[in-house]
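Pasted below: model.txt, compact mmCIF, C-alpha atoms.
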# COMPACT_ATOMS: atom_id res chain seq x y z
CA MET H 907 0.00 0.00 0.00
CA ILE H 908 1.13 3.47 -0.83
CA LYS H 909 -0.15 6.88 0.24
CA GLN H 910 1.21 10.17 -1.00
CA LEU H 911 0.45 13.78 -0.16
CA GLU H 912 2.00 17.18 -0.66
CA ILE H 913 2.23 19.85 2.00
CA SER H 914 3.48 23.42 2.11
CA LEU H 915 5.43 24.58 5.13
CA PRO H 916 5.07 28.09 6.52
CA ALA H 917 7.95 30.40 5.54
CA PHE H 918 10.82 29.96 8.00
CA PRO H 919 13.73 32.36 8.54
CA ARG H 920 17.22 31.22 7.56
CA GLY H 921 18.39 28.46 9.91
CA PHE H 922 17.53 24.94 11.09
CA HIS H 923 13.94 24.34 12.19
CA LEU H 924 12.15 21.31 13.66
CA ILE H 925 9.19 20.33 11.47
CA THR H 926 8.33 16.89 12.94
CA ARG H 927 4.99 18.21 14.15
CA HIS H 928 4.05 19.65 10.74
CA ILE H 929 4.72 16.28 9.15
CA VAL H 930 3.04 14.11 11.78
CA ASN H 931 -0.06 16.31 11.74
CA ALA H 932 -0.30 16.15 7.95
CA LEU H 933 0.09 12.36 7.85
CA GLY H 934 -2.82 11.50 10.12
CA GLU H 935 -3.17 7.83 11.01
CA LEU H 936 -0.11 5.76 10.11
CA PRO H 937 0.09 2.08 9.18
CA GLU H 938 1.33 -0.42 11.75
CA THR H 939 4.67 -0.99 9.95
CA GLY H 940 6.19 0.81 7.00
CA LEU H 941 8.46 3.57 5.75
CA LEU H 942 7.93 7.29 5.29
CA ASN H 943 9.81 9.24 2.62
CA VAL H 944 9.96 13.02 3.03
CA PHE H 945 11.05 14.83 -0.13
CA LEU H 946 11.76 18.57 -0.40
CA HIS H 947 11.15 20.15 -3.83
CA HIS H 948 13.86 22.82 -3.62
CA THR H 949 17.59 23.22 -4.28
CA SER H 950 18.50 25.94 -1.78
CA ALA H 951 17.14 24.25 1.35
CA GLY H 952 17.63 20.79 2.83
CA LEU H 953 16.36 18.18 5.25
CA CYS H 954 18.14 16.47 8.11
CA ILE H 955 17.38 14.59 11.29
CA ASN H 956 18.91 16.12 14.40
CA GLU H 957 18.51 17.02 18.07
CA ASN H 958 14.92 17.84 19.02
CA ALA H 959 15.42 19.15 22.56
CA ASP H 960 18.00 21.91 22.87
CA PRO H 961 17.54 24.84 20.44
CA SER H 962 21.23 25.70 20.80
CA VAL H 963 22.00 22.74 18.50
CA MET H 964 19.86 24.29 15.74
CA HIS H 965 21.75 27.56 16.26
CA ASP H 966 25.19 25.94 16.04
CA LEU H 967 24.22 23.88 12.98
CA GLU H 968 23.51 27.16 11.17
CA THR H 969 26.84 28.60 12.35
CA SER H 970 28.73 25.48 11.30
CA PHE H 971 27.18 25.23 7.84
CA ASN H 972 28.00 28.91 7.22
CA ARG H 973 31.61 28.10 8.00
CA ILE H 974 31.63 25.03 5.72
CA ALA H 975 30.06 26.87 2.77
CA PRO H 976 30.78 30.58 3.26
CA GLU H 977 29.29 33.47 1.30
CA ARG H 978 31.24 35.66 -1.13
CA LEU H 979 33.99 33.18 -2.00
CA PRO H 980 36.00 34.85 -4.77
CA GLU H 981 35.85 31.57 -6.76
CA TYR H 982 32.03 31.59 -7.08
CA ILE H 983 30.69 32.41 -10.55
CA HIS H 984 26.99 31.84 -9.72
CA THR H 985 26.46 35.18 -7.97
CA LEU H 986 23.47 36.87 -9.62
CA GLU H 987 20.85 35.64 -7.14
CA GLY H 988 22.53 37.05 -4.03
CA ASP H 989 25.32 36.18 -1.63
CA ASP H 990 23.21 33.55 0.11
CA ASP H 991 22.27 31.63 -3.06
CA MET H 992 25.33 29.62 -4.07
CA PRO H 993 26.19 28.60 -0.48
CA ALA H 994 22.57 27.41 -0.20
CA HIS H 995 23.05 25.05 -3.16
CA VAL H 996 26.24 23.67 -1.60
CA LYS H 997 24.58 23.13 1.78
CA SER H 998 21.61 21.43 0.09
CA ALA H 999 24.00 18.99 -1.62
CA LEU H 1000 25.54 18.29 1.81
CA THR H 1001 22.34 17.61 3.77
CA GLY H 1002 20.29 16.19 0.92
CA VAL H 1003 16.57 16.75 0.27
CA SER H 1004 15.13 13.26 0.87
CA LEU H 1005 14.70 11.37 4.18
CA THR H 1006 13.45 7.82 4.68
CA ILE H 1007 12.21 7.00 8.17
CA PRO H 1008 10.78 3.73 9.56
CA ILE H 1009 7.20 3.48 10.83
CA SER H 1010 6.63 1.03 13.67
CA ASN H 1011 3.57 0.40 15.90
CA GLY H 1012 1.68 3.05 13.97
CA ARG H 1013 4.22 5.80 14.74
CA LEU H 1014 7.31 7.36 13.16
CA LYS H 1015 10.17 5.42 14.71
CA LEU H 1016 12.53 8.28 15.53
CA GLY H 1017 15.09 8.06 18.34
CA THR H 1018 14.31 9.82 21.61
CA TRP H 1019 16.32 12.89 20.65
CA GLN H 1020 15.63 12.88 16.92
CA GLY H 1021 13.50 15.43 15.11
CA ILE H 1022 13.03 16.19 11.42
CA CYS H 1023 14.64 19.53 10.47
CA LEU H 1024 14.02 21.88 7.61
CA CYS H 1025 17.35 23.51 6.81
CA GLU H 1026 16.44 26.89 5.35
CA PHE H 1027 19.58 28.13 3.63
CA ARG H 1028 18.16 31.27 1.96
CA ASN H 1029 17.62 34.60 3.74
CA HIS H 1030 14.07 34.75 2.36
CA GLY H 1031 13.26 31.25 1.12
CA GLY H 1032 9.50 31.57 1.51
CA SER H 1033 7.16 28.62 1.85
CA ARG H 1034 8.72 25.23 0.97
CA ARG H 1035 6.89 22.22 -0.52
CA LEU H 1036 7.29 18.63 0.70
CA THR H 1037 5.95 15.38 -0.72
CA LEU H 1038 5.27 12.70 1.90
CA THR H 1039 5.09 9.09 0.68
CA ILE H 1040 4.13 6.22 2.98
CA TYR H 1041 4.78 2.58 2.14
CA SER H 1042 3.20 -0.23 4.14
CA MET W 498 5.15 -4.07 -7.28
CA ILE W 499 8.87 -3.71 -7.70
CA LYS W 500 11.00 -3.17 -10.78
CA GLN W 501 14.78 -3.04 -10.78
CA LEU W 502 17.33 -2.38 -13.48
CA GLU W 503 21.02 -1.53 -13.71
CA ILE W 504 22.47 1.08 -16.03
CA SER W 505 25.97 2.27 -16.87
CA LEU W 506 26.56 5.96 -17.34
CA PRO W 507 28.99 7.30 -19.92
CA ALA W 508 32.32 8.38 -18.42
CA PHE W 509 32.06 11.96 -17.17
CA PRO W 510 34.94 14.33 -16.39
CA ARG W 511 35.49 15.37 -12.78
CA GLY W 512 32.66 17.63 -11.64
CA PHE W 513 28.89 17.73 -11.13
CA HIS W 514 26.74 16.52 -14.04
CA LEU W 515 22.97 16.37 -14.58
CA ILE W 516 21.88 12.81 -15.35
CA THR W 517 18.09 13.13 -15.00
CA ARG W 518 17.65 12.36 -18.70
CA HIS W 519 19.80 9.22 -18.55
CA ILE W 520 17.67 7.92 -15.70
CA VAL W 521 14.26 8.88 -17.10
CA ASN W 522 15.13 7.33 -20.48
CA ALA W 523 16.27 4.08 -18.86
CA LEU W 524 13.13 3.82 -16.70
CA GLY W 525 10.58 3.92 -19.50
CA GLU W 526 6.96 4.03 -18.40
CA LEU W 527 6.52 4.80 -14.70
CA PRO W 528 3.72 3.72 -12.37
CA GLU W 529 1.07 6.26 -11.40
CA THR W 530 2.34 6.62 -7.81
CA GLY W 531 5.47 5.27 -6.19
CA LEU W 532 9.09 5.85 -5.25
CA LEU W 533 12.32 5.57 -7.22
CA ASN W 534 15.60 4.67 -5.54
CA VAL W 535 18.79 5.53 -7.42
CA PHE W 536 21.87 3.77 -6.04
CA LEU W 537 25.46 4.36 -7.18
CA HIS W 538 27.84 1.39 -6.83
CA HIS W 539 31.03 3.39 -6.18
CA THR W 540 32.88 5.02 -3.28
CA SER W 541 34.67 7.87 -5.04
CA ALA W 542 31.61 9.47 -6.67
CA GLY W 543 28.25 10.56 -5.30
CA LEU W 544 24.68 11.53 -6.11
CA CYS W 545 22.79 14.69 -5.25
CA ILE W 546 19.77 16.64 -6.36
CA ASN W 547 20.50 20.21 -7.36
CA GLU W 548 19.85 23.09 -9.76
CA ASN W 549 18.99 21.94 -13.29
CA ALA W 550 19.04 25.26 -15.15
CA ASP W 551 22.22 27.27 -14.68
CA PRO W 552 25.48 25.35 -15.32
CA SER W 553 27.35 27.83 -13.12
CA VAL W 554 25.87 26.06 -10.09
CA MET W 555 27.46 22.75 -11.18
CA HIS W 556 30.77 24.62 -11.57
CA ASP W 557 30.61 26.21 -8.13
CA LEU W 558 29.58 22.94 -6.46
CA GLU W 559 32.83 21.42 -7.76
CA THR W 560 34.80 24.43 -6.48
CA SER W 561 33.11 24.29 -3.09
CA PHE W 562 33.59 20.56 -2.55
CA ASN W 563 37.29 20.93 -3.43
CA ARG W 564 37.55 23.52 -0.69
CA ILE W 565 35.69 21.33 1.84
CA ALA W 566 37.83 18.24 1.11
CA PRO W 567 41.11 19.46 -0.36
CA GLU W 568 43.82 17.34 -1.97
CA ARG W 569 47.26 16.69 -0.45
CA LEU W 570 46.35 17.27 3.20
CA PRO W 571 49.47 16.34 5.16
CA GLU W 572 47.29 14.25 7.52
CA TYR W 573 46.11 11.83 4.80
CA ILE W 574 47.60 8.34 4.97
CA HIS W 575 45.53 6.86 2.08
CA THR W 576 47.63 8.36 -0.71
CA LEU W 577 48.68 5.51 -3.03
CA GLU W 578 45.82 5.91 -5.52
CA GLY W 579 46.51 9.55 -6.36
CA ASP W 580 45.85 13.00 -4.92
CA ASP W 581 42.22 12.94 -6.04
CA ASP W 582 41.36 9.61 -4.38
CA MET W 583 41.02 10.28 -0.65
CA PRO W 584 39.15 13.59 -1.14
CA ALA W 585 36.78 11.63 -3.42
CA HIS W 586 35.94 9.23 -0.58
CA VAL W 587 35.27 12.16 1.78
CA LYS W 588 33.03 13.92 -0.75
CA SER W 589 31.15 10.66 -1.39
CA ALA W 590 30.46 10.34 2.35
CA LEU W 591 29.15 13.93 2.29
CA THR W 592 26.77 13.65 -0.68
CA GLY W 593 25.84 10.00 -0.25
CA VAL W 594 25.29 7.42 -3.00
CA SER W 595 21.54 6.72 -2.67
CA LEU W 596 18.58 8.95 -3.59
CA THR W 597 14.87 8.25 -3.05
CA ILE W 598 12.49 10.33 -5.18
CA PRO W 599 8.67 10.29 -5.31
CA ILE W 600 6.78 9.27 -8.44
CA SER W 601 3.44 10.99 -9.00
CA ASN W 602 1.06 11.02 -11.98
CA GLY W 603 3.41 8.66 -13.79
CA ARG W 604 6.38 11.03 -13.58
CA LEU W 605 9.35 11.67 -11.28
CA LYS W 606 8.11 14.34 -8.91
CA LEU W 607 11.11 16.66 -8.89
CA GLY W 608 10.77 20.37 -8.14
CA THR W 609 10.88 22.82 -11.06
CA TRP W 610 14.58 23.51 -10.60
CA GLN W 611 15.67 20.06 -9.42
CA GLY W 612 17.80 17.68 -11.42
CA ILE W 613 19.62 14.47 -10.46
CA CYS W 614 23.41 14.97 -10.43
CA LEU W 615 26.25 12.55 -10.71
CA CYS W 616 29.10 13.97 -8.63
CA GLU W 617 32.25 12.63 -10.29
CA PHE W 618 35.01 13.15 -7.75
CA ARG W 619 37.87 11.34 -9.56
CA ASN W 620 39.94 12.86 -12.38
CA HIS W 621 39.35 9.73 -14.50
CA GLY W 622 36.48 7.87 -12.85
CA GLY W 623 35.32 6.09 -16.00
CA SER W 624 31.83 4.72 -16.48
CA ARG W 625 29.73 4.50 -13.29
CA ARG W 626 27.02 1.92 -12.52
CA LEU W 627 23.59 2.73 -11.06
CA THR W 628 20.81 0.46 -9.85
CA LEU W 629 17.33 1.90 -10.26
CA THR W 630 14.55 0.41 -8.11
CA ILE W 631 10.90 1.42 -8.50
CA TYR W 632 8.27 0.71 -5.88
CA SER W 633 4.58 1.12 -6.64
CA MET Y 1176 5.98 -7.54 1.86
CA ILE Y 1177 7.70 -5.73 4.67
CA LYS Y 1178 10.00 -6.99 7.41
CA GLN Y 1179 11.41 -4.83 10.18
CA LEU Y 1180 13.82 -5.51 13.01
CA GLU Y 1181 15.89 -3.51 15.47
CA ILE Y 1182 19.47 -4.32 16.36
CA SER Y 1183 22.00 -2.87 18.78
CA LEU Y 1184 25.59 -2.50 17.67
CA PRO Y 1185 28.50 -3.10 20.03
CA ALA Y 1186 30.06 0.15 21.32
CA PHE Y 1187 32.64 1.41 18.85
CA PRO Y 1188 35.40 3.95 19.52
CA ARG Y 1189 35.21 7.32 17.79
CA GLY Y 1190 35.79 6.89 14.05
CA PHE Y 1191 34.41 5.19 10.94
CA HIS Y 1192 33.67 1.46 11.23
CA LEU Y 1193 32.44 -1.13 8.73
CA ILE Y 1194 29.23 -2.77 9.97
CA THR Y 1195 28.09 -4.60 6.80
CA ARG Y 1196 28.60 -7.95 8.53
CA HIS Y 1197 26.54 -6.96 11.59
CA ILE Y 1198 23.67 -5.98 9.32
CA VAL Y 1199 23.84 -8.96 6.95
CA ASN Y 1200 23.99 -11.39 9.87
CA ALA Y 1201 20.97 -9.79 11.55
CA LEU Y 1202 18.90 -9.83 8.35
CA GLY Y 1203 19.12 -13.56 7.66
CA GLU Y 1204 17.58 -14.70 4.38
CA LEU Y 1205 16.79 -11.84 2.01
CA PRO Y 1206 14.07 -11.63 -0.65
CA GLU Y 1207 15.03 -12.06 -4.30
CA THR Y 1208 14.49 -8.36 -5.14
CA GLY Y 1209 13.82 -5.42 -2.87
CA LEU Y 1210 15.22 -2.53 -0.86
CA LEU Y 1211 16.78 -2.34 2.58
CA ASN Y 1212 16.53 0.79 4.70
CA VAL Y 1213 19.03 1.15 7.56
CA PHE Y 1214 18.05 3.82 10.08
CA LEU Y 1215 20.20 5.00 13.00
CA HIS Y 1216 18.32 6.28 16.06
CA HIS Y 1217 20.91 8.85 17.19
CA THR Y 1218 21.92 12.45 16.49
CA SER Y 1219 25.65 12.34 17.26
CA ALA Y 1220 26.57 9.46 14.94
CA GLY Y 1221 25.89 8.79 11.27
CA LEU Y 1222 25.79 6.23 8.49
CA CYS Y 1223 27.58 6.21 5.17
CA ILE Y 1224 28.65 3.81 2.45
CA ASN Y 1225 32.37 3.82 1.74
CA GLU Y 1226 35.49 1.80 0.96
CA ASN Y 1227 35.46 -1.70 2.47
CA ALA Y 1228 39.03 -2.81 1.77
CA ASP Y 1229 41.68 -0.40 2.95
CA PRO Y 1230 41.37 0.70 6.62
CA SER Y 1231 43.39 3.83 5.84
CA VAL Y 1232 40.25 5.27 4.20
CA MET Y 1233 38.32 4.91 7.48
CA HIS Y 1234 41.21 6.66 9.23
CA ASP Y 1235 41.30 9.58 6.79
CA LEU Y 1236 37.52 9.98 6.84
CA GLU Y 1237 37.77 10.59 10.60
CA THR Y 1238 40.61 13.09 10.05
CA SER Y 1239 38.69 14.88 7.30
CA PHE Y 1240 35.44 15.18 9.23
CA ASN Y 1241 37.33 16.59 12.22
CA ARG Y 1242 38.69 19.27 9.91
CA ILE Y 1243 35.25 20.03 8.43
CA ALA Y 1244 33.55 20.30 11.85
CA PRO Y 1245 36.26 21.12 14.40
CA GLU Y 1246 35.92 21.08 18.17
CA ARG Y 1247 35.99 24.19 20.37
CA LEU Y 1248 34.87 26.72 17.75
CA PRO Y 1249 34.43 29.99 19.65
CA GLU Y 1250 31.03 30.45 17.94
CA TYR Y 1251 29.50 27.29 19.46
CA ILE Y 1252 26.90 27.88 22.18
CA HIS Y 1253 25.94 24.18 22.65
CA THR Y 1254 28.95 23.26 24.78
CA LEU Y 1255 27.66 21.65 27.98
CA GLU Y 1256 27.92 18.03 26.78
CA GLY Y 1257 31.63 18.16 25.93
CA ASP Y 1258 33.89 19.34 23.13
CA ASP Y 1259 32.99 16.37 20.94
CA ASP Y 1260 29.21 16.85 21.14
CA MET Y 1261 28.35 19.79 18.87
CA PRO Y 1262 30.75 18.69 16.09
CA ALA Y 1263 29.07 15.27 16.29
CA HIS Y 1264 25.67 16.85 15.53
CA VAL Y 1265 27.15 18.72 12.55
CA LYS Y 1266 28.81 15.59 11.17
CA SER Y 1267 25.57 13.63 11.62
CA ALA Y 1268 23.72 16.26 9.56
CA LEU Y 1269 26.42 15.87 6.88
CA THR Y 1270 26.42 12.07 6.57
CA GLY Y 1271 22.77 11.49 7.43
CA VAL Y 1272 21.32 8.65 9.51
CA SER Y 1273 19.31 6.72 6.88
CA LEU Y 1274 20.57 4.55 4.00
CA THR Y 1275 18.51 2.80 1.32
CA ILE Y 1276 20.24 -0.05 -0.50
CA PRO Y 1277 18.95 -2.33 -3.29
CA ILE Y 1278 18.53 -6.08 -2.79
CA SER Y 1279 19.09 -8.22 -5.88
CA ASN Y 1280 19.36 -12.01 -6.32
CA GLY Y 1281 18.76 -12.42 -2.61
CA ARG Y 1282 21.76 -10.29 -1.60
CA LEU Y 1283 22.51 -6.68 -0.72
CA LYS Y 1284 23.57 -5.15 -4.02
CA LEU Y 1285 26.60 -3.16 -2.90
CA GLY Y 1286 29.45 -2.30 -5.28
CA THR Y 1287 32.65 -4.38 -5.04
CA TRP Y 1288 34.35 -1.82 -2.81
CA GLN Y 1289 31.30 -0.63 -0.88
CA GLY Y 1290 30.67 -1.31 2.79
CA ILE Y 1291 28.17 0.13 5.25
CA CYS Y 1292 29.89 2.35 7.84
CA LEU Y 1293 28.86 3.46 11.26
CA CYS Y 1294 30.32 6.94 11.78
CA GLU Y 1295 30.83 7.22 15.53
CA PHE Y 1296 31.32 10.92 16.21
CA ARG Y 1297 31.35 10.84 20.04
CA ASN Y 1298 34.39 9.89 22.13
CA HIS Y 1299 32.23 7.46 24.15
CA GLY Y 1300 29.04 6.97 22.15
CA GLY Y 1301 28.23 3.55 23.57
CA SER Y 1302 26.00 1.02 21.83
CA ARG Y 1303 23.97 2.42 18.90
CA ARG Y 1304 20.51 1.22 17.78
CA LEU Y 1305 19.53 0.58 14.15
CA THR Y 1306 16.17 -0.26 12.61
CA LEU Y 1307 16.39 -2.41 9.49
CA THR Y 1308 13.37 -2.39 7.16
CA ILE Y 1309 13.14 -4.66 4.10
CA TYR Y 1310 10.69 -4.10 1.28
CA SER Y 1311 10.06 -6.77 -1.34

Let me see the file written as structure tokens.
Amino acid sequence: MIKQLEISLPAFPRGFHLITRHIVNALGELPETGLLNVFLHHTSAGLCINENADPSVMHDLETSFNRIAPERLPEYIHTLEGDDDMPAHVKSALTGVSLTIPISNGRLKLGTWQGICLCEFRNHGGSRRLTLTIYS
Amino acid sequence: MIKQLEISLPAFPRGFHLITRHIVNALGELPETGLLNVFLHHTSAGLCINENADPSVMHDLETSFNRIAPERLPEYIHTLEGDDDMPAHVKSALTGVSLTIPISNGRLKLGTWQGICLCEFRNHGGSRRLTLTIYS
Amino acid sequence: MIKQLEISLPAFPRGFHLITRHIVNALGELPETGLLNVFLHHTSAGLCINENADPSVMHDLETSFNRIAPERLPEYIHTLEGDDDMPAHVKSALTGVSLTIPISNGRLKLGTWQGICLCEFRNHGGSRRLTLTIYS
């Protein structure tokens, strides 16, 4: 069995943001056992699974990714869309845009400290679209 | 239902290359709804989803990954296979080698600006093998 | 058909470690054709697929990731759990915690040189839990 739906997230500011609740609410009742794929339809944002408890981790992830893919590198040639654009594509290649997560006992089987994060790499990325696909 | 096939890509030069067309052509008719997994059978190349329109993004991704995992670090001990080899393994761990993409209305459901990229991290990587698995 | 099981890995020291054998042994008989998802229930470790033959690659991956996400950055604010903690979250976002691998002819279809790696980013991470989900 397969179920698929598309959702739009509210616009988030640049940074890492927990969106587990947005996804769980959109999914409704889950099968007993299965897999969920979360797919982000953008190339300047990403998805990751990370710490769901202490917001300082989200803060330091943003800091760290800015250090790994800095703005205004003299080597960049893709510069027309703003200083934040090319680093956003690099960061998106690093995190990826597709997550597959087990479903068990009718719930997403995340670890105790795991949450699903939207990584918004643009200064003004606007609303982002996700496709959620459930297999069971 | 499951369908699986293996394809070989033409040899690409070092860099990021859009291969959406190679994959779509190999897949033929797609189911109405499902998931596609693309798996690369190599450890010195990677897969990512990124910008499909402006080739300058592919260029700057190559530049950025070279900065993140540079050649000839004095700390490297895996050096026998050439200066480009160890950085290729690091970059492959960063991008990953497996992509899962939704299928909807009989088509790959990529965002408007999304394409599937082969990240060729070796100077002379040769032809690369992919396994494509469709679930529906 | 879907099959799901959870396993606990032995505690590994900080670094990259091949765990293909742990996973294959736990899975037992595999279906003829399918997909395996490996999901790690932690936010300070990761999973990747990389070189299975020469241990010097595992060594240099550890060195490289330490360079990409160094300890004791003055910008970090998440510092209470030790110098190795925040870099571990960054590295986990970079490698990811979920792998999807094709099954073909009743075996995991990895490339000749590919192995599944646990990336242990903490100094004393302890035993790590994985959920293995097979689709066929």

Next on the checklist: Contacts from chain Y to chain H, 12 Å maximum, all atoms listed in the file: show me the residue list as a ChimeraX atom specification.
Outcome noted: /Y:1176-1181,1210-1221,1240,1242-1256,1260-1276,1303-1311

Next on the checklist: If you superpose chain Y onto chain H over the full set of Cα atoms in sequence order, what number do you get for the RMSD in Å?
Outcome noted: 0.0 Å

As lines of an AutoDock Vina configuration file, please: the centre and edge lengths in Å, to one decimal, of an axis-aligned box enclosing every listed atom of region 573-591 of chain W with 5 Å added on each side.
center_x = 38.9
center_y = 9.7
center_z = -0.7
size_x = 29.5
size_y = 18.4
size_z = 21.3

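Straight-line separation from CA of Leu506 (chain W) to CA of Gly1281 (chain Y): 24.8 Å.
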
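CA of Gly512 (chain W) is found 15.5 Å from CA of Asp580 (chain W).
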
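Reported to one decimal place, the separation of CA of Ile1022 (chain H) from CA of Gly934 (chain H) is 16.6 Å.
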
Item to check | Selection as a list in words: residues within 8 Å of (1.3, 23.7, 8.1), counting all atoms listed in the file | outcome: Ile913, Ser914, Leu915, Pro916, His928 and Ala932 of chain H

Since we have the selection now, will you write its residues out, keeping C-alpha atoms, as a compact mmCIF listing (two decimals), in the frame of the given file?
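Output below, filename selection29.txt:
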# COMPACT_ATOMS: atom_id res chain seq x y z
CA ILE H 913 2.23 19.85 2.00
CA SER H 914 3.48 23.42 2.11
CA LEU H 915 5.43 24.58 5.13
CA PRO H 916 5.07 28.09 6.52
CA HIS H 928 4.05 19.65 10.74
CA ALA H 932 -0.30 16.15 7.95

Next on the checklist: Env of Ala917 (chain H): 8 Å cut, atoms = all atoms listed in the file, seq-sep filter 3 positions within chain, self excluded. Answer as a ChimeraX atom specification.
Outcome noted: /H:1031-1034
